[in-house]
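Below is one structure, written out as structure tokens, with a few remarks after it.
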Amino acid sequence: MLLLLLLLPVCWAVEVKRPRGVSLTNHHFYDESKPFTCLDGSATISFDQVNDDYCDCKDGSDEPGTAACPNGSFHCTNTGYKPLYIPSRWVNDGVCDCCDGTDEYNSGTVCENTCKEKGRKERETLQQMAEVTREGFRLKKILIEDWKKAREEKQKKLLELQDGKKSLEDQVEMLRTVKEEAEKPEKEAKDQHRKLWEEQQAASKAQREQELAADAFQELDDDMDGAVSVTELQTHPELDTDGDGALSEGEAQALLGGDAQTDAAAFRDRVWAAIRDKYRSEVLPTEQPVPSTPELMEPEEEQPPVPLPPTEDEEDEEEEEEEDEEEDTQGQGEQPKEAPPPLVPPQAASPSEEDTMPPYDEQTQAFINAAQEARSKFEEAERSLREMEESIRNLEQEISFDFGPDGEFAYLYSQCYELATNEYVYRLCPFKLVSQKPKLGGSPTNLGTWGSWAGPEHDKFSAMKYEQGTGCWQGPNRSTTVRLLCGKETAVTSTTEPSRCEYLMELTTPAACPEPPPEPPADGDHDEL
């Protein structure tokens, strides 16, 4: 294009006679020695009707130099700059539309010819663009060479990892076997430890239950005849089964299994389980004997039993008993004071004491330590294998990725670029994702993840498509098209939203620079061209 602009002034120096407003390429249609045929073929008129300020052709081709036809076109020659077509209705409207002023030949408006100045600025711009293209293409060739070397190194690294993977897989399987073998005696020892502890727990519990049953039998056997009768059982109304607050003779006999009385063995085996949860001791319990401690367990002090807090009725009873005690003190020979209120049986030890399994013995702990060491080695090797497999997948993906005809876009793969606007910071990570984050803080919004190259068929690598971003409110998922432009630097230069939830971003990069055309000849060379 630069070469064309440099040569155009020479070409336009040769003037070809043609009607006003007709381009050089169409001048052969306007032969003043022949009748004129409309360019759309709609009519043939005498040539003197061309540019007579009356529209004879439907397509307006008979009035290229006047404003008679609303659909006509006026050609600005613009010698020294770029030729231009304007609508015929702009001719002689008092506004200079052509840089050479030829559109205002009869309006009285004086138009300055600015074509040479515009042409000079255009040539400077094209020269700058040509310089950017030349430098960008030079950098592009370096990028291509860098990718070739990097690709070879990555392929070499991939082969090394693939070879090492087999060795590491064998090591993982070996360590898995060692781990499984170490876990067998560990499991057996731990199971045996738990079994022994549970047996001791059960025995201790059974012993405590027998002691509680024996104490309750002794308390209930008021006449100490070695048996608990219906009458004796009725002294404990808290054992009431029908909710009327009193233990009837029938209820008491039912608790004794239908018998009038029961001995200690039957009481322990049949009766105690039925009344245990409701039964309250008649006296404060003395210090409970500490059950025999198995060798496997560390000695523990059993906590003293804690009585349940008294109910409102019991509090009233206590107040009445205190008053009775005062009266007994004042009056001699009166009735003896009543027995203390019923108390709950001793509570079992707290869960923190009872339910905590004692430490493992030395041999069991040695099995556990050996198994844990085997597990740690296996897990470390397995983790190393996963990391190696991930590295292999990443290398395979990168090596096989389409980075352009010669891999010129490969350097973008591990980079990210940002552009800050008044409201947002836009972030592009090529071949990965595009995001948008408010400048004043907040979570980033996904504007799309890598989809594919999206340029036209003849220039596939001129655009990228990022799809399936965060969904818009009652709208589609966000997406972004990234246009790749030639530049010496790699940078995001603009971001817009042409339509709702669809973004357009421009990225300058040397990888997008085409091979520049040969430089134009120096000034003064071959002027005859």
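Within each chain, counting starts at residue 1; across the structure tokens, chains are named A, B, ... in the order shown, with ligands numbered 1 upward in that order.
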Give me every helix (DSSP H, G or I) residue in range 95-253 of chain A, going by DSSP on the backbone, as a PyMOL selection string. chain A and resi 102-104+115-220+230-233+237-239+249-253
As a PDB file with N, CA, C and O atoms, in the first residue's frame, please: the residues near Gln171 in chain A (cut-off 12 Å, only C-alpha atoms, same-chain neighbours under 2 positions excluded).
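The result, written out as part_23.pdb:
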```pdb
ATOM      1  N   GLY A 164      10.670 -42.537  33.675  1.00  0.00           N
ATOM      2  CA  GLY A 164      10.688 -42.556  35.133  1.00  0.00           C
ATOM      3  C   GLY A 164       9.372 -43.004  35.725  1.00  0.00           C
ATOM      4  O   GLY A 164       9.335 -43.530  36.837  1.00  0.00           O
ATOM      5  N   LYS A 165       8.284 -42.808  34.998  1.00  0.00           N
ATOM      6  CA  LYS A 165       6.971 -43.189  35.503  1.00  0.00           C
ATOM      7  C   LYS A 165       6.890 -44.694  35.747  1.00  0.00           C
ATOM      8  O   LYS A 165       6.353 -45.143  36.762  1.00  0.00           O
ATOM      9  N   LYS A 166       7.434 -45.492  34.830  1.00  0.00           N
ATOM     10  CA  LYS A 166       7.386 -46.945  34.988  1.00  0.00           C
ATOM     11  C   LYS A 166       8.133 -47.381  36.243  1.00  0.00           C
ATOM     12  O   LYS A 166       7.644 -48.209  37.014  1.00  0.00           O
ATOM     13  N   SER A 167       9.307 -46.786  36.459  1.00  0.00           N
ATOM     14  CA  SER A 167      10.082 -47.128  37.646  1.00  0.00           C
ATOM     15  C   SER A 167       9.335 -46.721  38.915  1.00  0.00           C
ATOM     16  O   SER A 167       9.298 -47.472  39.899  1.00  0.00           O
ATOM     17  N   LEU A 168       8.709 -45.537  38.887  1.00  0.00           N
ATOM     18  CA  LEU A 168       7.982 -45.067  40.059  1.00  0.00           C
ATOM     19  C   LEU A 168       6.732 -45.900  40.306  1.00  0.00           C
ATOM     20  O   LEU A 168       6.357 -46.156  41.462  1.00  0.00           O
ATOM     21  N   GLU A 169       6.073 -46.348  39.247  1.00  0.00           N
ATOM     22  CA  GLU A 169       4.910 -47.223  39.413  1.00  0.00           C
ATOM     23  C   GLU A 169       5.304 -48.526  40.099  1.00  0.00           C
ATOM     24  O   GLU A 169       4.585 -49.022  40.982  1.00  0.00           O
ATOM     25  N   GLU A 173       3.978 -49.888  43.829  1.00  0.00           N
ATOM     26  CA  GLU A 173       3.395 -51.210  44.063  1.00  0.00           C
ATOM     27  C   GLU A 173       4.177 -51.968  45.123  1.00  0.00           C
ATOM     28  O   GLU A 173       3.602 -52.686  45.948  1.00  0.00           O
ATOM     29  N   MET A 174       5.518 -51.836  45.096  1.00  0.00           N
ATOM     30  CA  MET A 174       6.333 -52.496  46.114  1.00  0.00           C
ATOM     31  C   MET A 174       6.024 -51.938  47.496  1.00  0.00           C
ATOM     32  O   MET A 174       5.846 -52.693  48.463  1.00  0.00           O
ATOM     33  N   LEU A 175       5.929 -50.611  47.594  1.00  0.00           N
ATOM     34  CA  LEU A 175       5.627 -49.988  48.886  1.00  0.00           C
ATOM     35  C   LEU A 175       4.203 -50.289  49.332  1.00  0.00           C
ATOM     36  O   LEU A 175       3.921 -50.347  50.528  1.00  0.00           O
ATOM     37  N   ARG A 176       3.287 -50.475  48.369  1.00  0.00           N
ATOM     38  CA  ARG A 176       1.920 -50.862  48.723  1.00  0.00           C
ATOM     39  C   ARG A 176       1.919 -52.231  49.404  1.00  0.00           C
ATOM     40  O   ARG A 176       1.239 -52.452  50.407  1.00  0.00           O
ATOM     41  N   THR A 177       2.702 -53.150  48.832  1.00  0.00           N
ATOM     42  CA  THR A 177       2.798 -54.494  49.422  1.00  0.00           C
ATOM     43  C   THR A 177       3.399 -54.438  50.817  1.00  0.00           C
ATOM     44  O   THR A 177       2.905 -55.085  51.753  1.00  0.00           O
ATOM     45  N   VAL A 178       4.481 -53.644  50.974  1.00  0.00           N
ATOM     46  CA  VAL A 178       5.113 -53.500  52.285  1.00  0.00           C
ATOM     47  C   VAL A 178       4.117 -52.916  53.288  1.00  0.00           C
ATOM     48  O   VAL A 178       4.021 -53.357  54.439  1.00  0.00           O
ATOM     49  N   LYS A 377       5.718 -43.798  53.621  1.00  0.00           N
ATOM     50  CA  LYS A 377       6.559 -44.009  52.436  1.00  0.00           C
ATOM     51  C   LYS A 377       5.698 -44.283  51.201  1.00  0.00           C
ATOM     52  O   LYS A 377       5.975 -43.779  50.113  1.00  0.00           O
ATOM     53  N   PHE A 378       4.632 -45.075  51.394  1.00  0.00           N
ATOM     54  CA  PHE A 378       3.746 -45.380  50.269  1.00  0.00           C
ATOM     55  C   PHE A 378       3.027 -44.122  49.792  1.00  0.00           C
ATOM     56  O   PHE A 378       2.954 -43.848  48.582  1.00  0.00           O
ATOM     57  N   GLU A 379       2.488 -43.341  50.734  1.00  0.00           N
ATOM     58  CA  GLU A 379       1.758 -42.126  50.359  1.00  0.00           C
ATOM     59  C   GLU A 379       2.668 -41.117  49.680  1.00  0.00           C
ATOM     60  O   GLU A 379       2.260 -40.432  48.735  1.00  0.00           O
ATOM     61  N   GLU A 380       3.913 -41.013  50.139  1.00  0.00           N
ATOM     62  CA  GLU A 380       4.854 -40.082  49.511  1.00  0.00           C
ATOM     63  C   GLU A 380       5.165 -40.516  48.079  1.00  0.00           C
ATOM     64  O   GLU A 380       5.189 -39.692  47.158  1.00  0.00           O
ATOM     65  N   ALA A 381       5.375 -41.805  47.880  1.00  0.00           N
ATOM     66  CA  ALA A 381       5.643 -42.306  46.529  1.00  0.00           C
ATOM     67  C   ALA A 381       4.421 -42.154  45.631  1.00  0.00           C
ATOM     68  O   ALA A 381       4.537 -41.802  44.455  1.00  0.00           O
ATOM     69  N   GLU A 382       3.238 -42.404  46.190  1.00  0.00           N
ATOM     70  CA  GLU A 382       2.010 -42.263  45.407  1.00  0.00           C
ATOM     71  C   GLU A 382       1.786 -40.801  45.020  1.00  0.00           C
ATOM     72  O   GLU A 382       1.362 -40.513  43.891  1.00  0.00           O
ATOM     73  N   SER A 384       4.153 -38.555  44.605  1.00  0.00           N
ATOM     74  CA  SER A 384       5.153 -38.263  43.568  1.00  0.00           C
ATOM     75  C   SER A 384       4.701 -38.798  42.213  1.00  0.00           C
ATOM     76  O   SER A 384       4.899 -38.139  41.180  1.00  0.00           O
ATOM     77  N   LEU A 385       4.053 -39.954  42.214  1.00  0.00           N
ATOM     78  CA  LEU A 385       3.550 -40.521  40.961  1.00  0.00           C
ATOM     79  C   LEU A 385       2.442 -39.644  40.385  1.00  0.00           C
ATOM     80  O   LEU A 385       2.413 -39.397  39.171  1.00  0.00           O
TER      81      LEU A 385
END
```
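The space between CA of Phe29 in chain A and CA of Asp56 in chain A spans 15.8 Å.
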List every residue of range 85-253 of chain A that DSSP, applied to the backbone, labels as strand (DSSP E), and write the result as a list in words. Tyr85, Ile86, Pro87, Ala227, Val228 and Ser229 of chain A
Set the distance at 7 Å and use only C-alpha atoms: which residues neighbour Tyr81 in chain A once local chain neighbours fewer than 5 positions away are removed? I'd like the list as a VMD selection string. chain A and resid 115 to 116 118 to 119
Select, from A:Arg478, A:Gly80, A:Phe47, A:Phe36, the residue with the minimum atom-to-atom distance to Glu122 in chain A, counting only C-alpha atoms. A:Gly80
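For the pair CA of Ala511 in chain A and CA of Lys432 in chain A, the interatomic distance is 17.8 Å.
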Considering only C-alpha atoms, can you say which of A:Gln363, A:Ser494, A:Gln474, A:Asn394 comes closest to Glu418 in chain A? A:Ser494
Skipping near chain neighbours, those fewer than 4 positions away, what residues fall within 12 Å of range 159-163 of chain A using only C-alpha atoms, listed as a ChimeraX atom specification? /A:152-155,167-170,384-396
How close does each residue of range 57-80 of chain A get to range 98-108 of chain A, giving the shortest atom pair and distance in Å to one decimal for every residue with an atom at most 10 Å away, counting only C-alpha atoms, sorted by chain and residue number, as CSV?
```
residue,atom,partner,partner_atom,distance
A:Gly65,CA,A:Asp103,CA,8.0
A:Thr66,CA,A:Asp103,CA,8.8
A:Ala67,CA,A:Asp103,CA,9.9
A:Phe74,CA,A:Asp103,CA,7.7
A:His75,CA,A:Asp103,CA,8.5
A:Cys76,CA,A:Cys98,CA,5.6
A:Thr77,CA,A:Asp100,CA,7.5
A:Asn78,CA,A:Asp100,CA,5.2
A:Thr79,CA,A:Asp100,CA,7.2
A:Gly80,CA,A:Asp100,CA,9.1
```
May I have the residues within 10 Å of Ala213 in chain A as an mmCIF file with all heavy atoms, in the first residue's frame, using only C-alpha atoms and disregarding those fewer than 6 positions away in the same chain?
```cif
data_model
loop_
_atom_site.group_PDB
_atom_site.id
_atom_site.type_symbol
_atom_site.label_atom_id
_atom_site.label_comp_id
_atom_site.auth_asym_id
_atom_site.auth_seq_id
_atom_site.Cartn_x
_atom_site.Cartn_y
_atom_site.Cartn_z
ATOM 1 N N GLN A 207 -19.593 -56.411 87.375
ATOM 2 C CA GLN A 207 -19.254 -56.413 88.791
ATOM 3 C C GLN A 207 -19.956 -55.275 89.528
ATOM 4 O O GLN A 207 -20.497 -55.451 90.626
ATOM 5 C CB GLN A 207 -17.724 -56.288 88.944
ATOM 6 C CG GLN A 207 -17.236 -56.201 90.383
ATOM 7 C CD GLN A 207 -17.514 -57.484 91.165
ATOM 8 O OE1 GLN A 207 -17.607 -58.568 90.593
ATOM 9 N NE2 GLN A 207 -17.674 -57.366 92.485
ATOM 10 N N GLU A 219 -30.732 -53.234 101.390
ATOM 11 C CA GLU A 219 -31.560 -52.128 101.870
ATOM 12 C C GLU A 219 -33.038 -52.520 101.938
ATOM 13 O O GLU A 219 -33.764 -52.142 102.856
ATOM 14 C CB GLU A 219 -31.385 -50.909 100.954
ATOM 15 C CG GLU A 219 -30.028 -50.250 101.065
ATOM 16 C CD GLU A 219 -29.875 -49.089 100.098
ATOM 17 O OE1 GLU A 219 -30.833 -48.839 99.322
ATOM 18 O OE2 GLU A 219 -28.822 -48.424 100.098
ATOM 19 N N ALA A 264 -31.912 -63.376 97.170
ATOM 20 C CA ALA A 264 -30.878 -62.491 96.630
ATOM 21 C C ALA A 264 -30.523 -62.841 95.189
ATOM 22 O O ALA A 264 -30.349 -61.954 94.335
ATOM 23 C CB ALA A 264 -29.639 -62.543 97.522
ATOM 24 N N ALA A 265 -30.416 -64.150 94.898
ATOM 25 C CA ALA A 265 -30.005 -64.556 93.543
ATOM 26 C C ALA A 265 -31.071 -64.163 92.523
ATOM 27 O O ALA A 265 -30.770 -63.609 91.453
ATOM 28 C CB ALA A 265 -29.747 -66.057 93.510
ATOM 29 N N PHE A 267 -33.364 -61.918 92.891
ATOM 30 C CA PHE A 267 -33.451 -60.455 92.847
ATOM 31 C C PHE A 267 -32.399 -59.884 91.885
ATOM 32 O O PHE A 267 -32.679 -59.003 91.074
ATOM 33 C CB PHE A 267 -33.247 -59.882 94.254
ATOM 34 C CG PHE A 267 -33.296 -58.384 94.312
ATOM 35 C CD1 PHE A 267 -34.507 -57.717 94.442
ATOM 36 C CD2 PHE A 267 -32.124 -57.631 94.221
ATOM 37 C CE1 PHE A 267 -34.543 -56.336 94.480
ATOM 38 C CE2 PHE A 267 -32.170 -56.259 94.261
ATOM 39 C CZ PHE A 267 -33.371 -55.591 94.398
ATOM 40 N N ARG A 268 -31.180 -60.432 91.998
ATOM 41 C CA ARG A 268 -30.088 -59.938 91.133
ATOM 42 C C ARG A 268 -30.354 -60.281 89.676
ATOM 43 O O ARG A 268 -30.106 -59.468 88.774
ATOM 44 C CB ARG A 268 -28.765 -60.553 91.602
ATOM 45 C CG ARG A 268 -27.552 -60.071 90.796
ATOM 46 C CD ARG A 268 -26.297 -60.804 91.208
ATOM 47 N NE ARG A 268 -26.384 -62.224 90.892
ATOM 48 C CZ ARG A 268 -26.353 -63.188 91.812
ATOM 49 N NH1 ARG A 268 -26.285 -62.902 93.102
ATOM 50 N NH2 ARG A 268 -26.427 -64.462 91.448
ATOM 51 N N ASP A 269 -30.861 -61.487 89.406
ATOM 52 C CA ASP A 269 -31.012 -61.949 88.022
ATOM 53 C C ASP A 269 -32.262 -61.396 87.342
ATOM 54 O O ASP A 269 -32.248 -61.129 86.138
ATOM 55 C CB ASP A 269 -31.049 -63.484 87.989
ATOM 56 C CG ASP A 269 -29.732 -64.094 88.462
ATOM 57 O OD1 ASP A 269 -28.707 -63.361 88.433
ATOM 58 O OD2 ASP A 269 -29.735 -65.271 88.856
ATOM 59 N N VAL A 271 -35.168 -59.211 89.144
ATOM 60 C CA VAL A 271 -35.847 -58.017 89.650
ATOM 61 C C VAL A 271 -35.015 -56.751 89.437
ATOM 62 O O VAL A 271 -35.526 -55.710 89.039
ATOM 63 C CB VAL A 271 -36.199 -58.201 91.138
ATOM 64 C CG1 VAL A 271 -36.896 -56.953 91.682
ATOM 65 C CG2 VAL A 271 -37.058 -59.434 91.333
ATOM 66 N N TRP A 272 -33.710 -56.816 89.689
ATOM 67 C CA TRP A 272 -32.871 -55.612 89.667
ATOM 68 C C TRP A 272 -32.912 -54.894 88.304
ATOM 69 O O TRP A 272 -33.000 -53.676 88.240
ATOM 70 C CB TRP A 272 -31.445 -55.969 90.046
ATOM 71 C CG TRP A 272 -30.493 -54.803 89.945
ATOM 72 C CD1 TRP A 272 -29.413 -54.690 89.134
ATOM 73 C CD2 TRP A 272 -30.561 -53.580 90.673
ATOM 74 N NE1 TRP A 272 -28.798 -53.487 89.308
ATOM 75 C CE2 TRP A 272 -29.492 -52.772 90.254
ATOM 76 C CE3 TRP A 272 -31.444 -53.082 91.650
ATOM 77 C CZ2 TRP A 272 -29.262 -51.497 90.757
ATOM 78 C CZ3 TRP A 272 -31.201 -51.818 92.157
ATOM 79 C CH2 TRP A 272 -30.130 -51.019 91.707
ATOM 80 N N ALA A 273 -32.906 -55.646 87.239
ATOM 81 C CA ALA A 273 -32.920 -55.012 85.911
ATOM 82 C C ALA A 273 -34.205 -54.214 85.689
ATOM 83 O O ALA A 273 -34.196 -53.197 84.985
ATOM 84 C CB ALA A 273 -32.779 -56.079 84.827
ATOM 85 N N ILE A 275 -36.032 -52.655 88.067
ATOM 86 C CA ILE A 275 -36.217 -51.496 88.952
ATOM 87 C C ILE A 275 -34.986 -50.591 89.000
ATOM 88 O O ILE A 275 -35.036 -49.526 89.629
ATOM 89 C CB ILE A 275 -36.550 -51.970 90.391
ATOM 90 C CG1 ILE A 275 -35.328 -52.672 91.009
ATOM 91 C CG2 ILE A 275 -37.772 -52.865 90.391
ATOM 92 C CD1 ILE A 275 -35.513 -53.003 92.481
ATOM 93 N N ARG A 276 -33.915 -50.962 88.343
ATOM 94 C CA ARG A 276 -32.641 -50.260 88.494
ATOM 95 C C ARG A 276 -32.750 -48.766 88.215
ATOM 96 O O ARG A 276 -32.241 -47.925 88.968
ATOM 97 C CB ARG A 276 -31.602 -50.872 87.549
ATOM 98 C CG ARG A 276 -30.228 -50.249 87.698
ATOM 99 C CD ARG A 276 -29.300 -50.699 86.585
ATOM 100 N NE ARG A 276 -27.952 -50.258 86.821
ATOM 101 C CZ ARG A 276 -27.516 -49.023 86.629
ATOM 102 N NH1 ARG A 276 -28.377 -48.093 86.216
ATOM 103 N NH2 ARG A 276 -26.271 -48.696 86.891
ATOM 104 N N PRO A 345 -28.938 -44.359 93.002
ATOM 105 C CA PRO A 345 -27.779 -45.241 93.175
ATOM 106 C C PRO A 345 -26.534 -44.588 92.614
ATOM 107 O O PRO A 345 -26.603 -43.636 91.843
ATOM 108 C CB PRO A 345 -28.157 -46.486 92.363
ATOM 109 C CG PRO A 345 -29.159 -45.994 91.379
ATOM 110 C CD PRO A 345 -29.905 -44.918 92.063
#
```
If we count only C-alpha atoms, what is near Glu186 in chain A at a cut-off of 9 Å, once residues fewer than 3 positions away on the same chain are taken out, given as JSON, numbers by chain? {"A": [182, 183, 189, 190, 191, 364, 365, 366, 367, 368, 369, 370, 371]}
Rank A:Arg208, A:Gly243, A:Leu233, A:Val110 by their smallest atom-to-atom distance to Thr262 in chain A, using only C-alpha atoms, and report the top residue only.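 Under the stated criterion, the closest residue is A:Leu233.
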So how far away is CA of Gln234 in chain A from CA of Ala252 in chain A, in Å?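 Computing it gives 6.3 Å between the two atoms.
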